[in-house]
>>> print(open('run20.cif').read())   # mmCIF, C-alpha atoms
data_my_file
loop_
_atom_site.label_atom_id
_atom_site.label_comp_id
_atom_site.auth_asym_id
_atom_site.auth_seq_id
_atom_site.Cartn_x
_atom_site.Cartn_y
_atom_site.Cartn_z
CA MET A 125 -25.67 -17.23 -4.80
CA VAL A 126 -23.66 -14.52 -6.51
CA THR A 127 -21.67 -14.49 -9.74
CA HIS A 128 -17.94 -13.91 -9.48
CA ALA A 129 -15.15 -13.79 -12.03
CA TYR A 130 -11.76 -15.37 -11.37
CA ARG A 131 -9.02 -14.30 -13.77
CA PHE A 132 -5.68 -16.07 -14.10
CA ALA A 133 -2.70 -15.40 -16.35
CA LEU A 134 -1.78 -18.42 -18.47
CA ASP A 135 1.71 -19.76 -19.14
CA PRO A 136 1.18 -21.93 -22.23
CA THR A 137 3.76 -23.95 -24.09
CA PRO A 138 4.50 -23.00 -27.73
CA ARG A 139 2.15 -25.74 -28.92
CA GLN A 140 -0.60 -24.56 -26.58
CA ALA A 141 -0.05 -20.95 -27.66
CA ARG A 142 -0.66 -22.00 -31.29
CA ALA A 143 -3.85 -23.75 -30.18
CA LEU A 144 -5.00 -20.61 -28.37
CA ARG A 145 -4.42 -18.51 -31.49
CA SER A 146 -6.26 -21.11 -33.56
CA HIS A 147 -9.31 -20.97 -31.26
CA ALA A 148 -9.28 -17.16 -31.33
CA GLY A 149 -9.16 -17.25 -35.12
CA ALA A 150 -12.05 -19.74 -35.22
CA ALA A 151 -14.18 -17.46 -33.04
CA ARG A 152 -13.35 -14.52 -35.31
CA PHE A 153 -14.23 -16.54 -38.42
CA ALA A 154 -17.54 -17.69 -36.89
CA TRP A 155 -18.47 -14.10 -36.08
CA ASN A 156 -17.71 -12.92 -39.62
CA TRP A 157 -19.47 -15.91 -41.17
CA GLY A 158 -22.59 -15.37 -39.08
CA LEU A 159 -22.62 -11.62 -39.71
CA ALA A 160 -22.41 -12.17 -43.47
CA ALA A 161 -25.28 -14.69 -43.28
CA CYS A 162 -27.41 -12.24 -41.27
CA ARG A 163 -26.78 -9.44 -43.72
CA ASP A 164 -27.67 -11.63 -46.70
CA ARG A 165 -30.92 -12.74 -45.10
CA TYR A 166 -31.83 -9.23 -43.99
CA SER A 167 -31.43 -7.89 -47.52
CA GLY A 168 -33.93 -10.45 -48.81
CA GLU A 169 -36.35 -11.11 -45.92
CA GLY A 170 -35.92 -8.09 -43.66
CA LYS A 171 -34.76 -10.13 -40.64
CA TRP A 172 -31.62 -11.92 -39.51
CA TRP A 173 -30.74 -15.25 -37.96
CA SER A 174 -30.75 -15.90 -34.23
CA GLY A 175 -27.81 -17.51 -32.47
CA ALA A 176 -29.44 -20.94 -32.38
CA GLU A 177 -30.42 -20.71 -36.07
CA LEU A 178 -26.89 -19.74 -37.02
CA HIS A 179 -25.54 -22.72 -35.12
CA ARG A 180 -27.87 -25.12 -36.93
CA LEU A 181 -26.99 -23.53 -40.26
CA TRP A 182 -23.29 -23.83 -39.46
CA ASN A 183 -23.64 -27.54 -38.59
CA THR A 184 -25.16 -28.10 -42.02
CA VAL A 185 -22.68 -26.04 -44.04
CA LYS A 186 -19.47 -27.16 -42.34
CA LYS A 187 -20.00 -30.77 -43.43
CA THR A 188 -20.60 -29.95 -47.10
CA ASP A 189 -18.15 -27.10 -47.76
CA PRO A 190 -14.59 -28.43 -48.39
CA ALA A 191 -13.15 -25.01 -47.47
CA LEU A 192 -14.39 -25.53 -43.89
CA ALA A 193 -12.69 -28.87 -43.34
CA TRP A 194 -10.51 -27.34 -40.62
CA TRP A 195 -13.40 -26.64 -38.25
CA GLY A 196 -12.78 -29.82 -36.23
CA GLU A 197 -9.38 -28.55 -35.02
CA ASN A 198 -11.14 -26.32 -32.48
CA SER A 199 -13.81 -26.83 -29.87
CA LYS A 200 -17.41 -26.62 -31.04
CA CYS A 201 -18.15 -24.23 -28.14
CA VAL A 202 -16.04 -21.53 -29.81
CA TYR A 203 -18.37 -21.31 -32.80
CA GLN A 204 -21.53 -21.57 -30.72
CA GLU A 205 -20.51 -18.81 -28.31
CA ALA A 206 -19.47 -16.55 -31.21
CA PHE A 207 -22.97 -16.90 -32.70
CA ARG A 208 -24.48 -16.05 -29.32
CA ASP A 209 -22.30 -12.96 -29.05
CA LEU A 210 -23.43 -11.87 -32.52
CA GLU A 211 -27.09 -12.34 -31.57
CA ARG A 212 -26.54 -10.26 -28.45
CA ALA A 213 -24.84 -7.50 -30.44
CA LEU A 214 -27.71 -7.36 -32.94
CA ARG A 215 -30.27 -7.30 -30.14
CA GLU A 216 -28.52 -4.44 -28.37
CA PHE A 217 -28.29 -2.53 -31.64
CA VAL A 218 -32.07 -2.82 -32.08
CA ARG A 219 -32.65 -1.69 -28.49
CA PHE A 220 -30.44 1.32 -29.08
CA ARG A 221 -32.32 2.27 -32.23
CA LYS A 222 -35.58 2.08 -30.27
CA GLY A 223 -34.19 4.21 -27.45
CA LEU A 224 -34.37 1.40 -24.91
CA ARG A 225 -30.63 1.10 -24.27
CA LYS A 226 -28.67 3.48 -22.09
CA GLY A 227 -25.17 4.59 -22.88
CA GLY A 228 -23.39 6.01 -25.87
CA ARG A 229 -24.04 5.48 -29.53
CA LEU A 230 -24.06 1.84 -30.61
CA GLY A 231 -23.48 1.02 -34.26
CA PHE A 232 -24.27 -2.05 -36.31
CA PRO A 233 -21.88 -5.00 -35.71
CA ARG A 234 -18.83 -4.94 -37.95
CA PHE A 235 -16.55 -7.61 -39.34
CA LYS A 236 -13.48 -8.52 -37.30
CA LYS A 237 -10.00 -8.46 -38.77
CA ARG A 238 -6.97 -10.26 -37.43
CA GLY A 239 -4.66 -7.88 -35.64
CA ARG A 240 -7.36 -5.19 -35.43
CA CYS A 241 -9.63 -6.85 -32.86
CA ARG A 242 -9.26 -8.50 -29.50
CA ASP A 243 -8.26 -12.16 -29.53
CA SER A 244 -10.90 -13.83 -27.39
CA PHE A 245 -13.09 -16.94 -27.27
CA ARG A 246 -15.32 -18.61 -24.72
CA PHE A 247 -16.25 -22.10 -23.53
CA GLY A 248 -19.80 -22.60 -22.31
CA SER A 249 -19.58 -26.32 -21.59
CA GLY A 250 -17.07 -29.13 -21.30
CA VAL A 251 -14.38 -29.95 -18.76
CA MET A 252 -13.36 -26.74 -16.94
CA ARG A 253 -11.46 -27.01 -13.69
CA CYS A 254 -8.37 -25.74 -11.91
CA ALA A 255 -5.89 -27.18 -9.45
CA GLY A 256 -2.64 -25.85 -8.06
CA ARG A 257 -1.03 -23.71 -10.73
CA THR A 258 -2.90 -25.21 -13.67
CA VAL A 259 -6.28 -24.90 -15.40
CA THR A 260 -8.00 -27.46 -17.62
CA LEU A 261 -10.04 -26.31 -20.63
CA PRO A 262 -11.91 -28.23 -23.37
CA ARG A 263 -9.74 -29.32 -26.31
CA LEU A 264 -6.81 -27.34 -24.90
CA GLY A 265 -6.06 -29.64 -21.99
CA THR A 266 -4.13 -28.61 -18.91
CA ILE A 267 -2.35 -25.25 -19.13
CA ALA A 268 0.03 -23.84 -16.54
CA THR A 269 -0.72 -20.50 -14.88
CA HIS A 270 1.54 -17.76 -13.57
CA GLU A 271 -0.27 -17.73 -10.22
CA SER A 272 -1.95 -20.19 -7.90
CA THR A 273 -5.58 -21.09 -8.52
CA ARG A 274 -6.04 -22.51 -5.01
CA LYS A 275 -8.68 -19.95 -4.00
CA LEU A 276 -11.10 -21.10 -6.69
CA ALA A 277 -10.05 -24.74 -6.47
CA ARG A 278 -10.98 -24.92 -2.78
CA ARG A 279 -14.44 -23.53 -3.50
CA LEU A 280 -14.94 -26.09 -6.25
CA GLU A 281 -13.81 -28.93 -4.00
CA ASN A 282 -16.11 -27.81 -1.18
CA GLY A 283 -19.07 -27.56 -3.53
CA THR A 284 -19.64 -23.85 -2.85
CA ALA A 285 -18.85 -22.78 -6.42
CA ARG A 286 -19.77 -23.87 -9.93
CA ILE A 287 -18.06 -22.77 -13.14
CA LEU A 288 -20.52 -21.42 -15.68
CA SER A 289 -18.14 -20.46 -18.48
CA ALA A 290 -14.50 -19.73 -19.25
CA THR A 291 -13.34 -16.85 -21.44
CA VAL A 292 -9.81 -16.89 -22.81
CA SER A 293 -8.41 -13.59 -24.08
CA ARG A 294 -5.08 -12.04 -24.94
CA THR A 295 -3.90 -8.72 -23.55
CA ALA A 296 -0.59 -7.49 -24.96
CA HIS A 297 1.77 -10.47 -24.82
CA ARG A 298 -0.11 -12.53 -22.24
CA TRP A 299 -3.08 -14.90 -22.37
CA PHE A 300 -5.67 -14.86 -19.59
CA VAL A 301 -8.55 -17.12 -18.64
CA SER A 302 -11.55 -15.69 -16.80
CA PHE A 303 -13.93 -18.12 -15.11
CA THR A 304 -17.50 -16.99 -14.55
CA VAL A 305 -18.39 -18.77 -11.33
CA GLN A 306 -21.59 -19.05 -9.35
CA VAL A 307 -20.48 -18.80 -5.74
CA ASP A 308 -22.39 -19.46 -2.55
CA ARG A 309 -21.04 -16.36 -0.85
CA HIS A 310 -22.00 -15.46 2.70
CA VAL A 311 -23.15 -11.84 2.81
CA PRO A 312 -23.39 -10.54 6.39
CA GLU A 313 -26.70 -9.06 7.46
CA ARG A 314 -24.93 -6.15 9.13
CA HIS A 315 -21.60 -4.47 8.67
CA VAL A 316 -18.83 -5.11 11.17
CA ARG A 317 -18.98 -1.41 12.06
CA PRO A 318 -22.70 -0.54 12.07
CA GLY A 319 -23.49 3.14 11.89
CA SER A 320 -20.18 4.16 10.38
CA ALA A 321 -20.33 6.46 7.37
CA VAL A 322 -17.87 8.16 5.06
CA GLY A 323 -18.14 10.75 2.32
CA VAL A 324 -15.86 10.18 -0.67
CA ASP A 325 -14.89 12.97 -3.04
CA LEU A 326 -13.17 11.90 -6.25
CA GLY A 327 -10.77 14.36 -7.81
CA VAL A 328 -8.07 14.86 -10.36
CA ALA A 329 -5.32 16.11 -8.04
CA THR A 330 -6.07 13.41 -5.42
CA LEU A 331 -7.70 10.13 -6.32
CA LEU A 332 -10.12 10.32 -3.42
CA THR A 333 -10.63 12.34 -0.26
CA ALA A 334 -12.70 10.64 2.44
CA VAL A 335 -14.09 12.11 5.69
CA ASP A 336 -15.75 9.66 8.11
CA ASP A 337 -18.32 10.16 10.84
CA ARG A 338 -15.60 10.75 13.43
CA GLY A 339 -14.00 13.54 11.45
CA GLY A 340 -11.06 11.51 10.24
CA VAL A 341 -9.69 12.57 6.87
CA THR A 342 -8.17 10.07 4.46
CA GLU A 343 -6.48 11.22 1.27
CA ILE A 344 -5.35 8.65 -1.28
CA ALA A 345 -3.20 9.99 -4.08
CA GLY A 346 -3.70 8.09 -7.29
CA PRO A 347 -0.68 6.55 -9.01
CA LYS A 348 -1.38 8.54 -12.23
CA ALA A 349 0.22 5.74 -14.19
CA LEU A 350 -0.56 7.29 -17.56
CA ARG A 351 1.03 10.59 -16.60
CA ALA A 352 4.10 8.85 -15.19
CA GLY A 353 4.58 6.76 -18.32
CA LEU A 354 3.57 9.41 -20.85
CA ARG A 355 7.07 10.07 -22.13
CA LYS A 356 7.70 6.38 -22.68
CA LEU A 357 4.31 6.08 -24.37
CA GLN A 358 5.18 8.91 -26.75
CA ARG A 359 8.54 7.34 -27.56
CA LEU A 360 7.02 3.92 -28.23
CA SER A 361 4.23 5.43 -30.34
CA LYS A 362 6.74 7.36 -32.42
CA ALA A 363 8.85 4.26 -32.95
CA HIS A 364 5.76 2.33 -34.00
CA SER A 365 4.68 4.97 -36.50
CA ARG A 366 8.10 4.89 -38.19
CA THR A 367 8.03 1.19 -38.94
CA GLN A 368 6.84 -0.27 -42.23
CA HIS A 369 3.45 -1.96 -42.45
CA GLY A 370 3.71 -5.74 -42.40
CA SER A 371 7.34 -5.83 -41.27
CA ALA A 372 8.74 -7.78 -38.35
CA ASN A 373 9.94 -4.58 -36.68
CA ARG A 374 6.39 -3.23 -36.73
CA ALA A 375 5.12 -6.37 -35.01
CA LYS A 376 7.78 -5.93 -32.32
CA ALA A 377 6.84 -2.26 -31.89
CA VAL A 378 3.17 -3.23 -31.53
CA ARG A 379 4.02 -5.71 -28.78
CA ARG A 380 6.14 -3.18 -26.89
CA LEU A 381 3.41 -0.55 -27.10
CA ALA A 382 0.72 -3.00 -26.00
CA ARG A 383 2.77 -4.10 -22.99
CA HIS A 384 3.15 -0.51 -21.87
CA HIS A 385 -0.59 0.15 -22.14
CA ALA A 386 -1.31 -3.04 -20.19
CA ARG A 387 1.09 -2.02 -17.44
CA VAL A 388 -0.58 1.39 -17.08
CA ALA A 389 -4.02 -0.24 -16.83
CA ASP A 390 -2.81 -2.77 -14.26
CA ILE A 391 -1.30 -0.09 -12.02
CA ARG A 392 -4.51 1.94 -12.14
CA SER A 393 -6.70 -1.08 -11.42
CA ASP A 394 -4.53 -2.18 -8.50
CA ALA A 395 -4.76 1.24 -6.83
CA LEU A 396 -8.54 1.41 -7.28
CA HIS A 397 -9.06 -2.07 -5.88
CA LYS A 398 -6.99 -1.32 -2.78
CA ALA A 399 -8.75 1.99 -2.11
CA THR A 400 -12.29 0.71 -2.62
CA THR A 401 -11.67 -2.46 -0.60
CA HIS A 402 -10.46 -0.35 2.32
CA LEU A 403 -13.54 1.89 2.24
CA ALA A 404 -16.07 -0.92 1.84
CA ALA A 405 -14.56 -2.99 4.65
CA ARG A 406 -14.24 -0.10 7.12
CA TYR A 407 -17.51 1.85 6.66
CA GLU A 408 -21.11 0.70 6.50
CA THR A 409 -22.34 3.67 4.45
CA VAL A 410 -20.25 5.09 1.62
CA VAL A 411 -21.46 8.26 -0.09
CA VAL A 412 -20.17 9.15 -3.55
CA GLU A 413 -21.18 11.55 -6.29
CA ASP A 414 -23.02 10.79 -9.50
CA LEU A 415 -20.32 12.17 -11.76
CA ASN A 416 -20.94 12.61 -15.46
CA VAL A 417 -17.70 10.99 -16.61
CA THR A 418 -18.72 11.15 -20.26
CA GLY A 419 -19.22 14.90 -19.98
CA MET A 420 -15.88 15.29 -18.23
CA LEU A 421 -14.09 13.51 -21.03
CA ALA A 422 -15.49 16.07 -23.47
CA ASN A 423 -13.18 18.65 -21.90
CA ARG A 424 -10.01 18.22 -23.95
CA ARG A 425 -7.87 19.90 -21.29
CA LEU A 426 -8.89 17.53 -18.51
CA ALA A 427 -9.84 14.36 -20.36
CA ARG A 428 -6.44 12.72 -19.91
CA ALA A 429 -6.32 13.44 -16.17
CA VAL A 430 -9.89 12.20 -15.65
CA SER A 431 -9.22 8.99 -17.57
CA ASP A 432 -6.03 8.42 -15.61
CA GLN A 433 -7.96 8.31 -12.30
CA GLY A 434 -10.73 5.90 -13.29
CA PHE A 435 -13.82 7.47 -11.71
CA GLY A 436 -16.27 5.08 -13.34
CA ALA A 437 -14.31 2.00 -12.24
CA ALA A 438 -14.16 3.30 -8.65
CA ARG A 439 -17.92 3.58 -8.44
CA ARG A 440 -18.49 0.15 -9.98
CA MET A 441 -16.13 -1.42 -7.46
CA LEU A 442 -17.82 0.30 -4.53
CA GLU A 443 -21.22 -0.92 -5.67
CA TYR A 444 -20.49 -4.61 -5.23
CA LYS A 445 -17.89 -4.38 -2.46
CA THR A 446 -20.21 -2.48 -0.12
CA ARG A 447 -22.90 -5.09 -0.79
CA TRP A 448 -20.51 -7.96 -0.07
CA ASN A 449 -19.57 -6.41 3.29
CA GLY A 450 -23.14 -5.78 4.41
CA GLY A 451 -23.01 -2.05 3.78
CA ARG A 452 -24.68 0.29 1.34
CA LEU A 453 -23.65 2.79 -1.28
CA VAL A 454 -25.37 6.16 -1.33
CA VAL A 455 -25.11 8.10 -4.58
CA ALA A 456 -25.56 11.87 -4.29
CA ASP A 457 -27.57 13.56 -6.97
CA ARG A 458 -25.62 14.93 -9.89
CA TRP A 459 -26.84 18.45 -9.11
CA PHE A 460 -25.95 18.37 -5.42
CA PRO A 461 -23.48 21.28 -4.89
CA SER A 462 -21.03 19.52 -2.58
CA SER A 463 -18.08 21.74 -3.49
CA LYS A 464 -19.91 25.08 -3.38
CA THR A 465 -21.72 24.46 -0.09
CA CYS A 466 -20.05 25.42 3.19
CA SER A 467 -19.86 22.44 5.53
CA GLY A 468 -19.95 24.77 8.54
CA CYS A 469 -22.91 27.12 8.02
CA GLY A 470 -24.59 25.70 4.92
CA GLY A 471 -24.08 28.76 2.78
CA ARG A 472 -23.38 28.30 -0.88
CA LYS A 473 -21.19 30.18 -3.28
CA PRO A 474 -22.68 31.11 -6.64
CA SER A 475 -19.54 29.93 -8.44
CA LEU A 476 -16.32 28.14 -7.62
CA PHE A 477 -13.46 27.85 -10.08
CA LEU A 478 -11.54 24.62 -10.37
CA SER A 479 -8.30 26.42 -9.58
CA GLU A 480 -9.61 27.35 -6.10
CA ARG A 481 -8.34 24.42 -4.06
CA THR A 482 -9.19 26.06 -0.71
CA TYR A 483 -12.78 26.76 0.27
CA ARG A 484 -13.24 30.10 2.06
CA CYS A 485 -16.69 30.91 3.42
CA GLU A 486 -17.45 34.62 3.58
CA ALA A 487 -20.37 34.08 5.97
CA CYS A 488 -18.77 32.08 8.79
CA GLY A 489 -15.08 32.43 7.91
CA LEU A 490 -14.49 28.71 7.40
CA VAL A 491 -11.23 27.92 5.62
CA LEU A 492 -10.95 24.32 4.51
CA GLY A 493 -9.57 22.25 1.69
CA ARG A 494 -11.92 22.10 -1.24
CA ASP A 495 -12.00 18.31 -1.41
CA VAL A 496 -12.34 17.91 2.37
CA ASN A 497 -15.26 20.34 2.43
CA ALA A 498 -17.00 18.42 -0.35
CA ALA A 499 -16.40 15.08 1.40
CA ILE A 500 -17.97 16.43 4.62
CA ASN A 501 -21.07 17.53 2.73
CA LEU A 502 -21.32 14.11 1.12
CA ARG A 503 -20.91 12.37 4.47
CA ASP A 504 -23.70 14.45 6.02
CA LEU A 505 -25.90 13.56 3.07
CA ALA A 506 -26.13 9.95 4.31
CA ALA A 507 -27.87 11.04 7.53
CA SER A 508 -30.31 13.33 5.74
CA GLY A 509 -32.40 10.65 4.04
CA ALA A 510 -30.65 10.68 0.69
CA GLU A 511 -31.35 7.94 -1.79
CA SER A 512 -29.15 4.89 -1.96
CA GLN A 513 -27.88 3.12 -5.03
CA ASN A 514 -30.96 0.88 -5.17
CA ALA A 515 -33.56 3.56 -4.44
CA CYS A 516 -36.30 4.16 -6.99
CA GLY A 517 -36.47 7.90 -7.30
CA GLY A 518 -37.45 10.31 -10.02
CA ASP A 519 -35.46 11.41 -13.01
CA VAL A 520 -31.85 12.40 -12.37
CA ARG A 521 -32.10 15.55 -14.44
CA PRO A 522 -34.46 18.28 -13.26
CA GLY A 523 -37.79 18.33 -15.06
CA PRO A 524 -39.75 21.33 -16.30
CA ALA A 525 -40.45 24.10 -13.83
CA GLY A 526 -43.39 23.31 -11.59
CA ARG A 527 -43.24 19.54 -12.20
CA PRO A 528 -41.36 17.50 -9.60
CA PRO A 529 -40.22 14.07 -10.81
CA ALA A 530 -42.46 11.16 -9.98
CA LYS A 531 -41.75 8.40 -7.45
CA GLN A 532 -39.57 10.48 -5.19
CA GLU A 533 -37.81 8.70 -2.35
CA PRO A 534 -37.88 10.03 1.26
CA GLY A 535 -35.70 13.06 1.62
CA THR A 536 -36.72 14.78 -1.60
CA ALA A 537 -38.86 17.81 -2.19
CA PRO A 538 -42.57 17.01 -1.78
CA ARG A 539 -43.67 20.26 -3.41
CA VAL A 540 -42.21 22.79 -5.78
CA ASP A 541 -41.81 25.47 -3.13
CA GLN A 542 -40.04 23.21 -0.63
CA THR A 543 -36.58 21.79 -0.45
CA GLY A 544 -35.92 18.23 0.61
CA THR A 545 -33.92 16.88 3.51
CA ALA A 546 -31.02 15.80 1.31
CA ALA A 547 -29.23 19.09 2.07
CA ALA A 548 -29.86 19.20 5.79
CA GLN A 549 -27.26 21.87 6.51
CA ALA A 550 -28.48 24.23 3.81
CA THR A 551 -32.27 24.43 3.92
CA ALA A 552 -32.33 27.29 1.46
CA VAL A 553 -30.29 25.39 -1.08
CA PRO A 554 -32.01 23.06 -3.57
CA CYS A 555 -30.94 19.49 -3.05
CA GLY A 556 -30.69 18.64 -6.72
CA ARG A 557 -33.84 16.52 -6.73
CA CYS A 558 -36.26 19.45 -6.58
CA SER A 559 -38.30 20.60 -9.54
CA HIS A 560 -36.77 23.88 -10.65
CA PRO A 561 -34.02 23.69 -13.26
CA PRO A 562 -30.66 24.91 -11.97
CA HIS A 563 -28.96 27.79 -13.68
CA ALA A 564 -25.39 27.77 -15.00
CA ASP A 565 -23.80 27.99 -11.53
CA ASP A 566 -26.26 25.75 -9.69
CA GLY A 567 -25.01 22.37 -8.60
CA LYS A 568 -22.44 20.52 -10.65
CA ALA A 569 -21.76 21.35 -14.24
CA LEU A 570 -21.93 18.53 -16.72
CA VAL A 571 -18.25 18.82 -17.51
CA LYS A 572 -17.03 19.36 -13.97
CA PRO A 573 -13.87 17.28 -13.54
CA ALA A 574 -13.70 17.00 -9.77
CA VAL A 575 -15.20 18.30 -6.57
#
>>> encode(input="run20.cif", output="structure tokens")
Amino acid sequence: MVTHAYRFALDPTPRQARALRSHAGAARFAWNWGLAACRDRYSGEGKWWSGAELHRLWNTVKKTDPALAWWGENSKCVYQEAFRDLERALREFVRFRKGLRKGGRLGFPRFKKRGRCRDSFRFGSGVMRCAGRTVTLPRLGTIATHESTRKLARRLENGTARILSATVSRTAHRWFVSFTVQVDRHVPERHVRPGSAVGVDLGVATLLTAVDDRGGVTEIAGPKALRAGLRKLQRLSKAHSRTQHGSANRAKAVRRLARHHARVADIRSDALHKATTHLAARYETVVVEDLNVTGMLANRRLARAVSDQGFGAARRMLEYKTRWNGGRLVVADRWFPSSKTCSGCGGRKPSLFLSERTYRCEACGLVLGRDVNAAINLRDLAASGAESQNACGGDVRPGPAGRPPAKQEPGTAPRVDQTGTAAAQATAVPCGRCSHPPHADDGKALVKPAV
């Protein structure tokens, strides 16, 4: 059993649209009400309420406070799920403060304001089903959709799927419903093409460059939707900034700007889904790089181009799509010098500028495209015993000199004075998992935009 998400665009009537806005407002009010209660209790007792405690407190207060007489207009699940979201946010904040949570800085939960936050609410129970071009939700009834829901409906009819929850959200001018479904999905034991492998190099100029085990080269140019629509984005942003706060023209400008942003995101997502589906279905082993996207975005000259390609989304898609097709995803170490290493002789250049789009080896005379050369090195990494996505290896970053990371997987350096098998073509080149810290030109820089 695996968990899938099915997302459909809604086509509500004006009355249903008002009900959707009412439910979103109720979820926002419940969040703010619970956050205020947690802050009041923390100031006096040094702890806050849990989600279940907030729900019990809400059931008591809503019946006695005349100002809350409107609560019955919306589903009770909206308030309950908002309290659960608040509890989760507080828990993650505590984990971040203790250093137990990965990722960027996480602040204390803040109050939500209408028009400044995402309109969203969730149903955790009740009647949730779909049929044809309609979906049925608690208290909202049957709502038409812009597309057919037959794919999910057939699974529900056959008993191979079960809806766990439904999240309704608004993006730009359109409402969406996302069903979290537990699906009995058949995952093949082996890929349809066993033994096939491909190295994938993500870049700014080209979305991805792939070289397979037969030497075939595939280059997929990204749509660069943000770059293509940048002039329109600037025009809409300027028109929005010139409107008066609270006016009807400002509301229209906000809607036009939001629709443009949504279109850019949809174009990018569509291109990434098509590219990753093709790779996962065609090759058993897919090798990608462990890019530091956060570090890349710190480069103000390349941040827009990196964001326009969607490197992080591409890797996330490959993770589950390779698993669904019976394949595996191999992630090269962040310090593996795929761009600087010659795919012919294994020699490595001490430095390679981003403007050098052609790799020229002074030792063997190889002249090859920079991205193609990097993709070949990544492809060969799969046959050298490199770690996969689920391997339990040592720390990603090199440790102190003379101390190799613990729990190394096969293919890594067993001792300080030896290199591992991850760089089979370049035995004199550290593989990125060895113990010595690389210097400024060793491996991949933290802010390297593409290889």
>>> atom_distance(input="run20.cif", atom1="CA of Arg294 in chain A", atom2="CA of Phe153 in chain A")
16.9 Å
>>> residues_around(input="run20.cif", residues="Val335 in chain A", least_positions_apart="2", cutoff="6 Å", atoms="only C-alpha atoms", output="PyMOL selection string")
chain A and resi 322-323+339-341+499-500
>>> write_last_selection(input="run20.cif", atoms="C-alpha atoms", output="short mmCIF file (atom, residue, chain, number, x, y, z; two decimals), in the frame of the given file")
data_model
loop_
_atom_site.label_atom_id
_atom_site.label_comp_id
_atom_site.auth_asym_id
_atom_site.auth_seq_id
_atom_site.Cartn_x
_atom_site.Cartn_y
_atom_site.Cartn_z
CA VAL A 322 -17.87 8.16 5.06
CA GLY A 323 -18.14 10.75 2.32
CA GLY A 339 -14.00 13.54 11.45
CA GLY A 340 -11.06 11.51 10.24
CA VAL A 341 -9.69 12.57 6.87
CA ALA A 499 -16.40 15.08 1.40
CA ILE A 500 -17.97 16.43 4.62
#
>>> residues_around(input="run20.cif", residues="Phe247 in chain A", least_positions_apart="4", cutoff="7 Å", atoms="only C-alpha atoms", output="PyMOL selection string")
chain A and resi 201-202+289-291
>>> resolve_selection(input="run20.cif", expression="the PyMOL selection byres ((chain A and resi 276) around 10)", output="list in words")
Ala129, Tyr130, Arg253, Cys254, Ala255, Gly256, Ser272, Thr273, Arg274, Lys275, Ala277, Arg278, Arg279, Leu280, Glu281, Thr284, Ala285, Arg286, Ile287, Phe303, Val305 and Val307 of chain A
>>> write_last_selection(input="run20.cif", atoms="C-alpha atoms", output="JSON list (two decimals), in the frame of the given file")
[["chain", "number", "residue", "atom", "x", "y", "z"],
["A", 129, "ALA", "CA", -15.15, -13.79, -12.03],
["A", 130, "TYR", "CA", -11.76, -15.37, -11.37],
["A", 253, "ARG", "CA", -11.46, -27.01, -13.69],
["A", 254, "CYS", "CA", -8.37, -25.74, -11.91],
["A", 255, "ALA", "CA", -5.89, -27.18, -9.45],
["A", 256, "GLY", "CA", -2.64, -25.85, -8.06],
["A", 272, "SER", "CA", -1.95, -20.19, -7.90],
["A", 273, "THR", "CA", -5.58, -21.09, -8.52],
["A", 274, "ARG", "CA", -6.04, -22.51, -5.01],
["A", 275, "LYS", "CA", -8.68, -19.95, -4.00],
["A", 277, "ALA", "CA", -10.05, -24.74, -6.47],
["A", 278, "ARG", "CA", -10.98, -24.92, -2.78],
["A", 279, "ARG", "CA", -14.44, -23.53, -3.50],
["A", 280, "LEU", "CA", -14.94, -26.09, -6.25],
["A", 281, "GLU", "CA", -13.81, -28.93, -4.00],
["A", 284, "THR", "CA", -19.64, -23.85, -2.85],
["A", 285, "ALA", "CA", -18.85, -22.78, -6.42],
["A", 286, "ARG", "CA", -19.77, -23.87, -9.93],
["A", 287, "ILE", "CA", -18.06, -22.77, -13.14],
["A", 303, "PHE", "CA", -13.93, -18.12, -15.11],
["A", 305, "VAL", "CA", -18.39, -18.77, -11.33],
["A", 307, "VAL", "CA", -20.48, -18.80, -5.74]]
>>> closest_residue(input="run20.cif", among="A:Ser244, A:Gly227, A:Trp172, A:Leu192", to="Ala148 in chain A", atoms="all atoms listed in the file")
A:Ser244
>>> atom_distance(input="run20.cif", atom1="CA of Arg309 in chain A", atom2="CA of Ser293 in chain A")
26.6 Å
>>> resolve_selection(input="run20.cif", expression="the PyMOL selection byres ((chain A and resi 484) around 10)", output="list of chain:residue names")
A:Lys464, A:Cys466, A:Lys473, A:Glu480, A:Arg481, A:Thr482, A:Tyr483, A:Cys485, A:Glu486, A:Ala487, A:Cys488, A:Gly489, A:Leu490, A:Val491, A:Leu492, A:Gly493, A:Arg494, A:Asn497
